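Here the structure comes first, spelled out in structure tokens, and everything after it is commentary.
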Amino acid sequence: MLPESCLRYYERGDRAVPAWLTDRDEPWVDALTRFYRDCVGRTAGEMDHALRERILPMCLSMGAPRRAPAGVRHVLSHLFPTRIDAAARPSEIRQTLFSLAPACASRQDAIDAAARTLGIRPDQVLAGLFADRAPLRKVDRCDHVPSAREVVERYNLALLQGIIQRAQAVRVRAREHTRSVVRFARLRKLICLCSLDREGTRLDMSGPLSMFRHTTRYGNAMASFLPALLSAPGWQIDATCLLRSYAGEPPAPGDPYPRKPMVVRACSGVPIASDRLDLPVDDRSIERRLLRDMRRLGTEWEIERETQALQVGHAVFFPDFVMRKGAQRVLVELVGYHTTSYLRHKLRLLEQAGVRNVVLCVDRSLSCDGDSIDGAAVLGFERRIDAADLGALAERMVAG
Amino acid sequence: MRTYQHDALDAWRAFGGKGVVVLPTGAGKTRLAIAALSRARTSALVLCPTRALLAQWRRELEQWYGGPVGIIGDGESSLERVTVMTFAGAYRRMDDLGDRFNLVVVDEVHHFSGAGAGEALEMCAAPYRMGLTATAPRPGSRGDQHLCAIVGPVVYELGVRDLAGSHLAPFHVPRICVRLEGDEADRYATLQRPFQMLQGAFRRAYPRADYAWILRAIARTPGGLQVVGDHHKAVDLATFPRAKRRMVASLIRRHRDDKTLVFTAFAEHAYTIAMDNLVPVITAEVNRAERDAILERFRDGRYRCLVSARVLNEGVDVPDANVAILVGGVLGTREFIQRVGRVLRPAPGKKALVYDLVTMDTDDDARSEARRRSLAA
């Protein structure tokens, strides 16, 4: 995910169009990637210096748009990790050397004494003394050196993630695999309402900037949801984001550019990295734990993973489980991040449609406004759903 | 309680239980707050900036206050009639807890002088407020006005000079001047000239603008990023030239039997000194466990010298020392006073030495002059 300083977009009135990298950018991206590959074994500090002084200006001279090389550098730094290269643990070297130094006649004596104590060579003492500092870590080998094309795709994904991190509201559509997209959103515990309209299925999601709490965690969850969405054919995102506006009257010389809400649209056809949708999309551990607890309690309720969607007017619900006892059925939906208005809206939809056999299991630790609501169809939990409470709630529900 | 602490408390009460008390480091601000707390006999919240100070407040309160002490921060969350909370905890929890206390004590209150920093205090309903600091914002400045609005005016102020020799250790600040060597001076002039020209132009156009504003403004001019980058390199050079490097080594050798704190402007300089002289270093990169271990060894005398950039300026319970070497500082008089205060804890026969290393004919010289004037004032 790109930081705000690296985000690039074209402003068109109140709209912002992400400035994607394309195949035209591949030459300079390739030069930057090759530089990273050649830096394997050098220190991160040396690499940063060379990047600042030599490589980034070279990229600009090759036609790279301003701020784009910094973004690509951000992407590459995640692909090429760094490691500590020392003969002993640096903290141990430091403690030994600094403890021995005051009693030694000279600097070299102290280094020799520390080397003897640690069982390493004197030159390794100084080399490893601060080897755990970020600038002195060695650039590590990358298992798979990406092609320029792959880096461009990863950059575009990071750009979109950085923009969506600043979203107040997000609307998502996918032409196919809608169910998987919804499951992914639920797996990431995002606040989303699914509904049907003339254009198909639509997911309305709260953006990170609409949260009072968990803003960063929720933003990260949304960022990790995006790669799955982008692999669905015909995907489309419309988001209202709070972005810096560089158009119009510039602010006073020392003042920052103001942020303003802008509508961002992105859709399939962009070269962008994505995950496969056939990855596991359900958190089976909760189901297994519930089933085990239910059996231990000796209730007659059986739990199965629900696969049928439940249409309530225009809205669509995707329950996680169905609890069965003979012919009686109670649907259970797990709710992750939430606000009271989101829960009330869900409950109101169910009530209006006369659906009385749905339980919302709400993870209280993921409340985004610090409030909680109670109700006949709501069961709060933290870490673990209480199987006895759930069973009792289901009993009350079927008893009417 | 000492006389000046009584006076400070009386002044605070005379202002209706609202206001800021300015006392130097080591002058007993914590004791003063505990006295206020015990006289008020009411629910109280203590806010402090770091986890280290949280632990320090807890120790002091447990020693002097009879009841249980609540802690919110550093992984704990227990609410009591007297509770200590970090600033970070206050930002998160004040909307819930802001109406539960009658007295709020804010340690290092100058952190709230920024325009956006006061939210936590604005959400607090406590009618009695005491701010504690060694370095209040300049009278009449925006920071001063902001603090006055959310905590109260400065009701009592003593400087380092007022207490040195009586309640603080007497001290001497020798100024050691060095010069850039030939190649360094040429490089400094080349790097600094474009910045000085632009800075002069902006100062004429915007006489009330501060340094940070001018820096941002220059960065936005065509080629400005390069100019600002070169200026940073020039500052880096002036705050730690080769002559200072040699001088620091010489001073550390001279005071190898004393307990010495070395302060630098930037972390890189601290690491260079640590590498040259084989002394432990504490910067923001050092994790908490290692930092605590280093401070413990310094406290019990196994380490005689410690080098740091800014981490030890405030917010850390630094063991007593009697020599400070100020290699460089770019954060102004507040940083200087905090650093001097680190060696002023009184002890029988103690006389503190604070070496101020200055590079002549550079910005470092001008900054040093300003610092010394503030100390004299």
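Residue numbering restarts at 1 for every chain of the structure tokens, chains are lettered A, B, ... in their displayed order, and ligands are numbered from 1 as they appear.
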Hey, which bits of chain A sit within 9 Å of chain B, and for each residue what's the closest pair of atoms and how far apart in Å (one decimal), counting only C-alpha atoms, rows by chain and increasing number, as a tab-separated table?
```
residue	atom	partner	partner_atom	distance
A:Ser91	CA	B:Glu290	CA	7.7
A:Arg94	CA	B:Pro280	CA	7.4
A:Gln95	CA	B:Pro280	CA	8.2
A:Leu97	CA	B:Leu278	CA	7.2
A:Phe98	CA	B:Val279	CA	5.7
A:Ser99	CA	B:Arg302	CA	6.7
A:Ala101	CA	B:Leu278	CA	6.5
A:Pro102	CA	B:Tyr303	CA	7.6
A:Arg107	CA	B:Asn277	CA	7.3
A:Ala110	CA	B:Leu278	CA	8.4
A:Ile111	CA	B:Leu278	CA	8.9
A:Leu126	CA	B:Met275	CA	8.0
A:Leu129	CA	B:Met275	CA	8.2
A:Phe130	CA	B:Tyr271	CA	8.4
A:Arg133	CA	B:Glu285	CA	7.3
A:Ala134	CA	B:Glu285	CA	8.6
A:Ala252	CA	B:Ala217	CA	8.2
A:Pro253	CA	B:Ala217	CA	4.5
A:Gly254	CA	B:Ala217	CA	4.0
A:Asp255	CA	B:Trp213	CA	7.3
A:Pro256	CA	B:Arg216	CA	8.4
```
Could you write out that same residue set with all heavy atoms as a short mmCIF file (atom, residue, chain, number, x, y, z; two decimals), in the first residue's frame?
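Just written: part-v2.cif:
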```
data_model
loop_
_atom_site.label_atom_id
_atom_site.label_comp_id
_atom_site.auth_asym_id
_atom_site.auth_seq_id
_atom_site.Cartn_x
_atom_site.Cartn_y
_atom_site.Cartn_z
N SER A 91 23.28 -7.36 19.80
CA SER A 91 23.05 -6.86 21.17
C SER A 91 24.05 -7.51 22.14
O SER A 91 24.52 -6.87 23.08
CB SER A 91 21.62 -7.14 21.61
OG SER A 91 21.36 -8.52 21.55
N ARG A 94 27.44 -5.85 21.61
CA ARG A 94 27.46 -4.52 22.25
C ARG A 94 27.66 -4.64 23.76
O ARG A 94 28.51 -3.96 24.33
CB ARG A 94 26.15 -3.77 21.95
CG ARG A 94 26.03 -3.26 20.54
CD ARG A 94 24.92 -2.25 20.42
NE ARG A 94 23.59 -2.84 20.48
CZ ARG A 94 22.92 -3.32 19.45
NH1 ARG A 94 23.46 -3.28 18.25
NH2 ARG A 94 21.72 -3.82 19.59
N GLN A 95 26.88 -5.51 24.35
CA GLN A 95 26.95 -5.62 25.81
C GLN A 95 28.35 -6.06 26.25
O GLN A 95 28.93 -5.50 27.18
CB GLN A 95 25.91 -6.62 26.31
CG GLN A 95 25.79 -6.59 27.81
CD GLN A 95 24.69 -7.51 28.32
OE1 GLN A 95 23.68 -7.69 27.65
NE2 GLN A 95 24.90 -8.10 29.47
N LEU A 97 31.28 -5.82 24.54
CA LEU A 97 32.31 -4.82 24.22
C LEU A 97 32.23 -3.61 25.15
O LEU A 97 33.24 -3.16 25.68
CB LEU A 97 32.15 -4.39 22.75
CG LEU A 97 33.17 -3.41 22.22
CD1 LEU A 97 34.58 -3.97 22.29
CD2 LEU A 97 32.87 -3.02 20.78
N PHE A 98 31.02 -3.09 25.35
CA PHE A 98 30.89 -1.88 26.17
C PHE A 98 31.18 -2.16 27.65
O PHE A 98 31.59 -1.26 28.38
CB PHE A 98 29.49 -1.27 26.02
CG PHE A 98 29.18 -0.82 24.61
CD1 PHE A 98 27.88 -0.82 24.12
CD2 PHE A 98 30.19 -0.38 23.76
CE1 PHE A 98 27.59 -0.41 22.84
CE2 PHE A 98 29.91 0.03 22.47
CZ PHE A 98 28.61 0.02 22.01
N SER A 99 30.96 -3.40 28.08
CA SER A 99 31.29 -3.74 29.47
C SER A 99 32.80 -3.86 29.65
O SER A 99 33.34 -3.48 30.69
CB SER A 99 30.64 -5.06 29.87
OG SER A 99 29.26 -4.96 29.74
N ALA A 101 35.19 -2.45 27.66
CA ALA A 101 35.96 -1.28 27.20
C ALA A 101 36.52 -0.41 28.33
O ALA A 101 37.70 -0.02 28.27
CB ALA A 101 35.11 -0.44 26.25
N PRO A 102 35.72 -0.07 29.39
CA PRO A 102 36.29 0.85 30.40
C PRO A 102 37.54 0.30 31.09
O PRO A 102 38.39 1.09 31.52
CB PRO A 102 35.14 0.99 31.41
CG PRO A 102 33.90 0.66 30.66
CD PRO A 102 34.30 -0.37 29.66
N ARG A 107 41.50 1.00 22.64
CA ARG A 107 40.31 0.57 21.90
C ARG A 107 40.52 -0.83 21.34
O ARG A 107 39.66 -1.70 21.44
CB ARG A 107 40.08 1.58 20.77
CG ARG A 107 38.82 1.37 19.96
CD ARG A 107 38.62 2.57 19.04
NE ARG A 107 37.40 2.45 18.26
CZ ARG A 107 37.32 1.86 17.09
NH1 ARG A 107 38.40 1.35 16.54
NH2 ARG A 107 36.17 1.79 16.44
N ALA A 110 40.20 -3.57 23.84
CA ALA A 110 38.80 -3.87 24.17
C ALA A 110 38.18 -4.76 23.09
O ALA A 110 37.46 -5.73 23.40
CB ALA A 110 38.02 -2.56 24.29
N ILE A 111 38.49 -4.44 21.83
CA ILE A 111 37.93 -5.23 20.73
C ILE A 111 38.46 -6.66 20.80
O ILE A 111 37.71 -7.64 20.64
CB ILE A 111 38.24 -4.56 19.37
CG1 ILE A 111 37.51 -3.22 19.27
CG2 ILE A 111 37.87 -5.47 18.21
CD1 ILE A 111 37.96 -2.33 18.14
N LEU A 126 33.57 -5.42 15.33
CA LEU A 126 33.15 -4.10 14.84
C LEU A 126 32.10 -4.22 13.73
O LEU A 126 31.17 -3.43 13.66
CB LEU A 126 34.36 -3.31 14.34
CG LEU A 126 35.20 -2.63 15.42
CD1 LEU A 126 36.25 -1.74 14.79
CD2 LEU A 126 34.34 -1.81 16.38
N LEU A 129 28.76 -4.91 15.39
CA LEU A 129 28.38 -4.11 16.54
C LEU A 129 26.99 -3.48 16.38
O LEU A 129 26.15 -3.56 17.27
CB LEU A 129 29.43 -3.01 16.76
CG LEU A 129 29.33 -2.21 18.05
CD1 LEU A 129 29.47 -3.11 19.26
CD2 LEU A 129 30.43 -1.14 18.08
N PHE A 130 26.74 -2.88 15.23
CA PHE A 130 25.42 -2.26 14.99
C PHE A 130 24.79 -2.86 13.73
O PHE A 130 24.06 -2.16 13.01
CB PHE A 130 25.58 -0.74 14.84
CG PHE A 130 26.05 -0.07 16.10
CD1 PHE A 130 27.25 0.61 16.15
CD2 PHE A 130 25.28 -0.14 17.26
CE1 PHE A 130 27.68 1.22 17.31
CE2 PHE A 130 25.71 0.46 18.43
CZ PHE A 130 26.91 1.14 18.46
N ARG A 133 21.04 -2.41 12.86
CA ARG A 133 20.44 -1.13 12.48
C ARG A 133 19.93 -1.22 11.04
O ARG A 133 20.56 -1.86 10.20
CB ARG A 133 21.47 -0.01 12.56
CG ARG A 133 21.88 0.35 13.97
CD ARG A 133 22.68 1.63 13.93
NE ARG A 133 21.88 2.73 13.42
CZ ARG A 133 22.35 3.76 12.73
NH1 ARG A 133 23.64 3.82 12.45
NH2 ARG A 133 21.55 4.72 12.30
N ALA A 134 18.81 -0.53 10.78
CA ALA A 134 18.20 -0.63 9.45
C ALA A 134 19.19 -0.30 8.32
O ALA A 134 19.26 -1.05 7.33
CB ALA A 134 16.97 0.27 9.38
N ALA A 252 -0.90 29.03 0.62
CA ALA A 252 0.26 29.88 0.94
C ALA A 252 1.52 29.02 0.93
O ALA A 252 1.45 27.82 1.20
CB ALA A 252 0.04 30.50 2.31
N PRO A 253 2.69 29.62 0.62
CA PRO A 253 3.89 28.83 0.33
C PRO A 253 4.21 27.71 1.31
O PRO A 253 4.54 26.62 0.91
CB PRO A 253 4.99 29.89 0.33
CG PRO A 253 4.32 31.14 -0.06
CD PRO A 253 2.94 31.07 0.48
N GLY A 254 4.09 27.93 2.60
CA GLY A 254 4.49 26.88 3.55
C GLY A 254 3.37 25.95 3.96
O GLY A 254 3.60 25.00 4.70
N ASP A 255 2.14 26.24 3.51
CA ASP A 255 1.00 25.44 3.97
C ASP A 255 0.82 24.20 3.11
O ASP A 255 1.12 24.21 1.91
CB ASP A 255 -0.28 26.28 3.94
CG ASP A 255 -0.22 27.41 4.96
OD1 ASP A 255 0.66 27.33 5.84
OD2 ASP A 255 -1.01 28.35 4.86
N PRO A 256 0.29 23.11 3.69
CA PRO A 256 0.09 21.90 2.88
C PRO A 256 -1.11 22.06 1.96
O PRO A 256 -1.98 22.90 2.21
CB PRO A 256 -0.18 20.83 3.94
CG PRO A 256 -0.70 21.58 5.12
CD PRO A 256 -0.07 22.93 5.09
#
```
Which polymer residues have any atom within 6 Å of an atom of segment 219-234 of chain A, counting only C-alpha atoms, with same-chain residues fewer than 3 positions away left out, as a ChimeraX atom specification?
/A:161,165,174-176,181,188,208,215-216,268,274-275,277
For Arg129 of chain B: contacts at 8 Å, only C-alpha atoms, fewer than 5 positions along chain excluded, given as number ranges by chain:
B: 17-19, 103-106, 151-152
Saved selection, atoms kept: N, CA and C atoms, as a PDB file, in the first residue's frame:
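Ended up saving to again-v5.pdb:
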```pdb
ATOM      1  N   GLY B  17      -6.749  27.006  41.154  1.00  0.00           N
ATOM      2  CA  GLY B  17      -6.455  25.593  40.861  1.00  0.00           C
ATOM      3  C   GLY B  17      -6.300  25.337  39.387  1.00  0.00           C
ATOM      4  N   LYS B  18      -5.827  26.323  38.665  1.00  0.00           N
ATOM      5  CA  LYS B  18      -5.562  26.152  37.233  1.00  0.00           C
ATOM      6  C   LYS B  18      -4.257  26.835  36.900  1.00  0.00           C
ATOM      7  N   GLY B  19      -3.415  26.201  36.135  1.00  0.00           N
ATOM      8  CA  GLY B  19      -2.213  26.879  35.705  1.00  0.00           C
ATOM      9  C   GLY B  19      -1.026  25.963  35.527  1.00  0.00           C
ATOM     10  N   LEU B 103      -9.375  16.658  39.226  1.00  0.00           N
ATOM     11  CA  LEU B 103      -8.068  17.304  39.051  1.00  0.00           C
ATOM     12  C   LEU B 103      -7.292  16.540  37.970  1.00  0.00           C
ATOM     13  N   VAL B 104      -6.735  17.265  37.047  1.00  0.00           N
ATOM     14  CA  VAL B 104      -5.859  16.619  36.068  1.00  0.00           C
ATOM     15  C   VAL B 104      -4.484  17.283  36.152  1.00  0.00           C
ATOM     16  N   VAL B 105      -3.454  16.438  36.293  1.00  0.00           N
ATOM     17  CA  VAL B 105      -2.076  16.909  36.328  1.00  0.00           C
ATOM     18  C   VAL B 105      -1.418  16.492  35.014  1.00  0.00           C
ATOM     19  N   VAL B 106      -0.858  17.435  34.294  1.00  0.00           N
ATOM     20  CA  VAL B 106      -0.250  17.116  33.001  1.00  0.00           C
ATOM     21  C   VAL B 106       1.260  17.319  33.088  1.00  0.00           C
ATOM     22  N   VAL B 151      -5.175  24.646  29.969  1.00  0.00           N
ATOM     23  CA  VAL B 151      -4.665  24.292  31.302  1.00  0.00           C
ATOM     24  C   VAL B 151      -4.703  25.509  32.230  1.00  0.00           C
ATOM     25  N   GLY B 152      -4.267  26.613  31.728  1.00  0.00           N
ATOM     26  CA  GLY B 152      -4.218  27.825  32.546  1.00  0.00           C
ATOM     27  C   GLY B 152      -2.924  28.572  32.285  1.00  0.00           C
TER      28      GLY B 152
END
```
Enumerate, as a PyMOL selection string, the complete set of residues in segment 233-370 of chain B that a backbone-based DSSP assignment places in alpha helix (DSSP H).
chain B and resi 233-239+242-254+267-277+288-300+333-341+363-370
Atom CA of Arg31 of chain B sits from atom CA of Phe171 of chain B at a separation of 23.3 Å
Which of segment 196-310 of chain B end up as strand (DSSP E) when DSSP is run on this backbone - answer as a VMD selection string?
chain B and resid 260 to 263 281 to 282 305 to 308
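For Leu23 of chain B, the residues within 10 Å (counting only C-alpha atoms, excluding itself and residues fewer than 6 positions away along the chain) are Tyr4, Gln5, Ala8, Lys29, Leu132, Thr133, Ala134, Thr135, Ala136, Tyr156, Glu157, Leu158, Gly159, Val160, Asp162 and Leu163 of chain B.
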Nearest to Leu45 of chain B among B:Ala11, B:Val20, B:Leu97, B:Leu353, with distances taken over only C-alpha atoms: which residue is it?
B:Leu97
Surrounding residues of Arg292 of chain A excluding itself and chain neighbours under 5 positions, 12 Å, only C-alpha atoms, as a CSV table (one decimal) with N, CA, C and O atoms, in the first residue's frame:
```
chain,number,residue,atom,x,y,z
A,285,SER,N,-12.2,-22.3,11.5
A,285,SER,CA,-11.9,-22.6,12.9
A,285,SER,C,-13.1,-22.3,13.8
A,285,SER,O,-13.4,-23.0,14.7
A,286,ILE,N,-13.8,-21.2,13.5
A,286,ILE,CA,-15.0,-20.8,14.3
A,286,ILE,C,-16.0,-21.9,14.3
A,286,ILE,O,-16.6,-22.3,15.3
A,287,GLU,N,-16.3,-22.4,13.1
A,287,GLU,CA,-17.3,-23.4,12.8
A,287,GLU,C,-16.9,-24.7,13.6
A,287,GLU,O,-17.7,-25.3,14.4
A,297,LEU,N,-21.8,-29.7,25.0
A,297,LEU,CA,-22.9,-29.4,25.8
A,297,LEU,C,-24.1,-30.4,25.6
A,297,LEU,O,-25.0,-30.4,26.4
A,298,GLY,N,-24.0,-31.2,24.6
A,298,GLY,CA,-25.0,-32.3,24.4
A,298,GLY,C,-26.3,-31.7,23.9
A,298,GLY,O,-27.3,-32.3,24.1
A,299,THR,N,-26.3,-30.6,23.2
A,299,THR,CA,-27.5,-30.1,22.6
A,299,THR,C,-27.9,-30.9,21.4
A,299,THR,O,-27.0,-31.6,20.8
A,301,TRP,N,-28.8,-29.4,18.6
A,301,TRP,CA,-28.5,-28.6,17.5
A,301,TRP,C,-27.3,-29.0,16.7
A,301,TRP,O,-26.3,-29.3,17.3
A,302,GLU,N,-27.5,-29.1,15.4
A,302,GLU,CA,-26.4,-29.5,14.5
A,302,GLU,C,-25.9,-28.2,13.8
A,302,GLU,O,-26.8,-27.3,13.5
A,303,ILE,N,-24.7,-28.1,13.5
A,303,ILE,CA,-24.2,-26.9,12.8
A,303,ILE,C,-23.7,-27.3,11.4
A,303,ILE,O,-22.9,-28.2,11.3
A,385,ILE,N,-17.5,-17.5,20.5
A,385,ILE,CA,-18.9,-17.5,20.7
A,385,ILE,C,-19.3,-18.5,21.8
A,385,ILE,O,-18.8,-19.6,21.8
A,386,ASP,N,-20.2,-18.1,22.7
A,386,ASP,CA,-20.6,-19.0,23.7
A,386,ASP,C,-21.7,-19.9,23.2
A,386,ASP,O,-22.8,-19.5,22.8
A,387,ALA,N,-21.4,-21.2,23.0
A,387,ALA,CA,-22.3,-22.1,22.4
A,387,ALA,C,-23.6,-22.3,23.2
A,387,ALA,O,-24.6,-22.4,22.6
A,388,ALA,N,-23.5,-22.2,24.5
A,388,ALA,CA,-24.7,-22.3,25.3
A,388,ALA,C,-25.6,-21.2,25.1
A,388,ALA,O,-26.8,-21.4,24.9
```
Do you know which residues are at most 7 Å from segment 331-345 of chain A counting only C-alpha atoms, after dropping those on the same chain fewer than 2 positions away, and could you put them as a PyMOL selection string?
chain A and resi 189-191+319-323+329+347-349+357-363+366-369+371-373
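Look at segment 226-240 of chain B: the protein and nucleic acid residues within 7 Å of it, using only C-alpha atoms and passing over chain neighbours fewer than 4 places away, are Tyr188, Leu191, Gln192, Pro194, Phe195, Ala219, Lys244, Arg245, Ala265, His269, Gly328, Thr359, Thr362 and Asp364 of chain B.
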With N, CA and C atoms retained, write the just-selected residues as a PDB file, in the first residue's frame.
```pdb
ATOM      1  N   TYR B 188      30.558  23.388   3.190  1.00  0.00           N
ATOM      2  CA  TYR B 188      29.468  24.025   3.956  1.00  0.00           C
ATOM      3  C   TYR B 188      28.941  25.244   3.200  1.00  0.00           C
ATOM      4  N   LEU B 191      26.945  24.254   0.095  1.00  0.00           N
ATOM      5  CA  LEU B 191      25.649  23.652   0.396  1.00  0.00           C
ATOM      6  C   LEU B 191      24.671  24.676   0.962  1.00  0.00           C
ATOM      7  N   GLN B 192      25.173  25.623   1.714  1.00  0.00           N
ATOM      8  CA  GLN B 192      24.297  26.510   2.471  1.00  0.00           C
ATOM      9  C   GLN B 192      23.890  27.760   1.706  1.00  0.00           C
ATOM     10  N   PRO B 194      22.626  28.629  -1.388  1.00  0.00           N
ATOM     11  CA  PRO B 194      21.294  28.782  -2.006  1.00  0.00           C
ATOM     12  C   PRO B 194      20.174  28.868  -0.962  1.00  0.00           C
ATOM     13  N   PHE B 195      20.313  28.114   0.100  1.00  0.00           N
ATOM     14  CA  PHE B 195      19.282  28.134   1.135  1.00  0.00           C
ATOM     15  C   PHE B 195      19.231  29.504   1.808  1.00  0.00           C
ATOM     16  N   ALA B 219      10.881  24.324   0.006  1.00  0.00           N
ATOM     17  CA  ALA B 219      10.778  23.001  -0.630  1.00  0.00           C
ATOM     18  C   ALA B 219       9.795  23.017  -1.796  1.00  0.00           C
ATOM     19  N   LYS B 244      34.945  18.397  16.074  1.00  0.00           N
ATOM     20  CA  LYS B 244      34.099  18.021  17.205  1.00  0.00           C
ATOM     21  C   LYS B 244      34.280  16.549  17.533  1.00  0.00           C
ATOM     22  N   ARG B 245      34.432  15.761  16.501  1.00  0.00           N
ATOM     23  CA  ARG B 245      34.592  14.308  16.693  1.00  0.00           C
ATOM     24  C   ARG B 245      35.837  14.033  17.550  1.00  0.00           C
ATOM     25  N   ALA B 265      23.063  15.884  17.857  1.00  0.00           N
ATOM     26  CA  ALA B 265      21.881  16.394  17.157  1.00  0.00           C
ATOM     27  C   ALA B 265      21.153  15.266  16.434  1.00  0.00           C
ATOM     28  N   HIS B 269      25.297  10.651  14.310  1.00  0.00           N
ATOM     29  CA  HIS B 269      26.449  11.176  15.054  1.00  0.00           C
ATOM     30  C   HIS B 269      26.646  10.373  16.334  1.00  0.00           C
ATOM     31  N   GLY B 328      25.810  18.650  19.732  1.00  0.00           N
ATOM     32  CA  GLY B 328      25.020  19.416  18.778  1.00  0.00           C
ATOM     33  C   GLY B 328      23.555  19.299  19.113  1.00  0.00           C
ATOM     34  N   THR B 359      30.540  24.963  16.558  1.00  0.00           N
ATOM     35  CA  THR B 359      31.328  25.161  15.337  1.00  0.00           C
ATOM     36  C   THR B 359      31.204  26.621  14.913  1.00  0.00           C
ATOM     37  N   THR B 362      29.292  29.192  11.588  1.00  0.00           N
ATOM     38  CA  THR B 362      28.210  28.406  10.962  1.00  0.00           C
ATOM     39  C   THR B 362      26.920  28.697  11.723  1.00  0.00           C
ATOM     40  N   ASP B 364      25.531  26.726  13.590  1.00  0.00           N
ATOM     41  CA  ASP B 364      25.702  26.112  14.904  1.00  0.00           C
ATOM     42  C   ASP B 364      26.074  27.174  15.936  1.00  0.00           C
TER      43      ASP B 364
END
```
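Counting only C-alpha atoms and comparing B:His255, B:Arg51, B:Arg2, B:Arg59, the residue that lies closest to Glu76 of chain B is B:Arg51.
The coordinates place atom CA of Ser5 of chain A at 23.2 Å from atom CA of Arg149 of chain A.
Proximity to Met123 of chain B was assessed for B:Ile150, B:Ile337, B:Ala289, B:Leu306 counting only C-alpha atoms; the smallest distance is recorded for B:Ile150.
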